[in-house]
Amino acid sequence: MNNCIFCKIINKDIPASIIYEDQEFLVFEDIKPIDKVHFLIVPKIHIKNLMGCNDTDQIMLGKMLLLGAKLANQLGLKGYRTMINSGAEGGQEVFHMHFHVYGGSDTLIKI
């Protein structure tokens, strides 16, 4: 996708604070963090959002969840939240599926 900011980050056309990368995912710090630790897990294949996924994406989605848990643990989080916004009405701002992982505050922000 030519205009997708996450595709540009994946292709290293735009810099990001990358904390993990493998063949399937790029993980980087959120530029507008809502907690002490806040990172995004982005699949390298362009999928618009969770509503665009189907049965063939189950393995990839499971890997994303487990990667989030692994990285949260490595970053010292004792607990954390996860979030996937899907669609404009769901709060999605960048239309390349991504998974937020955040935590680390002494106070829990209730949503």
# chains A, B, ... in the order shown; residues from 1 in each chain; ligands from 1
call {"tool": "residues_around", "arguments": {"residues": "segment 23-35 of chain A", "least_positions_apart": "5", "cutoff": "7 Å", "atoms": "only C-alpha atoms", "output": "JSON list (two decimals) with C-alpha atoms, in the first residue's frame"}}
result
[["chain", "number", "residue", "atom", "x", "y", "z"],
["A", 10, "ILE", "CA", 7.89, -1.77, 7.69],
["A", 16, "ALA", "CA", 10.41, 4.15, 14.18],
["A", 17, "SER", "CA", 11.66, 3.00, 17.57],
["A", 18, "ILE", "CA", 11.73, -0.68, 16.69],
["A", 40, "LEU", "CA", 2.41, -1.79, 18.50],
["A", 41, "ILE", "CA", 2.64, -5.19, 16.86],
["A", 42, "VAL", "CA", 2.14, -4.83, 13.11],
["A", 43, "PRO", "CA", 1.95, -7.71, 10.65],
["A", 44, "LYS", "CA", 4.19, -7.16, 7.66],
["A", 102, "TYR", "CA", 0.48, -1.09, 27.05],
["A", 103, "GLY", "CA", 1.02, -0.96, 30.80],
["A", 104, "GLY", "CA", 3.41, 0.05, 33.52],
["A", 105, "SER", "CA", 1.48, 2.78, 35.29]]
call {"tool": "select_by_dssp", "arguments": {"residues": "chain A", "states": "strand (DSSP E)", "output": "VMD selection string"}}
result
chain A and resid 18 to 21 25 to 29 37 to 43 81 to 83 99 to 103
call {"tool": "residues_around", "arguments": {"residues": "Asn3 of chain A", "least_positions_apart": "6", "cutoff": "12 Å", "atoms": "only C-alpha atoms", "output": "PyMOL selection string"}}
result
chain A and resi 9+13-14+46+94-96
call {"tool": "atom_distance", "arguments": {"atom1": "atom CA of Ala72 of chain A", "atom2": "atom CA of Val37 of chain A"}}
result
8.5 Å
call {"tool": "closest_residue", "arguments": {"among": "A:His98, A:Asp55, A:Glu89, A:Gly62", "to": "Phe6 of chain A", "atoms": "only C-alpha atoms"}}
result
A:His98
call {"tool": "select_by_dssp", "arguments": {"residues": "segment 60-100 of chain A", "states": "alpha helix (DSSP H)", "output": "PyMOL selection string"}}
result
chain A and resi 60-74
call {"tool": "write_last_selection", "arguments": {"atoms": "N, CA, C and O atoms", "output": "compact mmCIF listing (two decimals), in the first residue's frame"}}
result
# COMPACT_ATOMS: atom_id res chain seq x y z
N MET A 60 -1.67 -16.40 12.36
CA MET A 60 -1.00 -15.10 12.48
C MET A 60 -1.53 -14.33 13.69
O MET A 60 -0.75 -13.75 14.45
N LEU A 61 -2.85 -14.35 13.88
CA LEU A 61 -3.43 -13.62 15.02
C LEU A 61 -2.98 -14.22 16.35
O LEU A 61 -2.68 -13.50 17.30
N GLY A 62 -2.90 -15.54 16.42
CA GLY A 62 -2.41 -16.19 17.63
C GLY A 62 -0.96 -15.84 17.91
O GLY A 62 -0.57 -15.58 19.05
N LYS A 63 -0.14 -15.80 16.86
CA LYS A 63 1.26 -15.42 17.02
C LYS A 63 1.38 -13.99 17.54
O LYS A 63 2.25 -13.69 18.36
N MET A 64 0.51 -13.09 17.05
CA MET A 64 0.53 -11.70 17.52
C MET A 64 0.26 -11.63 19.02
O MET A 64 0.96 -10.93 19.75
N LEU A 65 -0.76 -12.36 19.48
CA LEU A 65 -1.09 -12.35 20.90
C LEU A 65 0.05 -12.89 21.75
O LEU A 65 0.42 -12.30 22.77
N LEU A 66 0.63 -13.99 21.33
CA LEU A 66 1.73 -14.58 22.09
C LEU A 66 2.98 -13.71 22.06
O LEU A 66 3.69 -13.60 23.05
N LEU A 67 3.23 -13.05 20.94
CA LEU A 67 4.36 -12.13 20.85
C LEU A 67 4.16 -10.96 21.80
O LEU A 67 5.10 -10.52 22.47
N GLY A 68 2.93 -10.46 21.88
CA GLY A 68 2.64 -9.37 22.81
C GLY A 68 2.94 -9.77 24.24
O GLY A 68 3.56 -9.00 24.99
N ALA A 69 2.53 -10.96 24.63
CA ALA A 69 2.79 -11.44 25.98
C ALA A 69 4.29 -11.60 26.24
O ALA A 69 4.80 -11.20 27.29
N LYS A 70 5.00 -12.15 25.28
CA LYS A 70 6.44 -12.36 25.41
C LYS A 70 7.18 -11.02 25.57
O LYS A 70 8.01 -10.86 26.47
N LEU A 71 6.85 -10.06 24.72
CA LEU A 71 7.54 -8.76 24.78
C LEU A 71 7.16 -7.98 26.03
O LEU A 71 8.02 -7.32 26.63
N ALA A 72 5.90 -8.06 26.44
CA ALA A 72 5.49 -7.39 27.68
C ALA A 72 6.28 -7.93 28.86
O ALA A 72 6.76 -7.17 29.71
N ASN A 73 6.46 -9.23 28.90
CA ASN A 73 7.25 -9.86 29.96
C ASN A 73 8.70 -9.40 29.90
O ASN A 73 9.29 -9.04 30.91
N GLN A 74 9.29 -9.39 28.70
CA GLN A 74 10.68 -8.97 28.54
C GLN A 74 10.88 -7.51 28.94
O GLN A 74 11.96 -7.14 29.39
call {"tool": "atom_distance", "arguments": {"atom1": "atom CA of Cys7 of chain A", "atom2": "atom CA of Gly76 of chain A"}}
result
28.5 Å
call {"tool": "closest_residue", "arguments": {"among": "A:His38, A:Glu21, A:Ile5, A:Asn11", "to": "Leu75 of chain A", "atoms": "only C-alpha atoms"}}
result
A:His38
call {"tool": "closest_residue", "arguments": {"among": "A:Ile19, A:Phe39, A:Leu77, A:Gly87", "to": "Gly52 of chain A", "atoms": "only C-alpha atoms"}}
result
A:Gly87
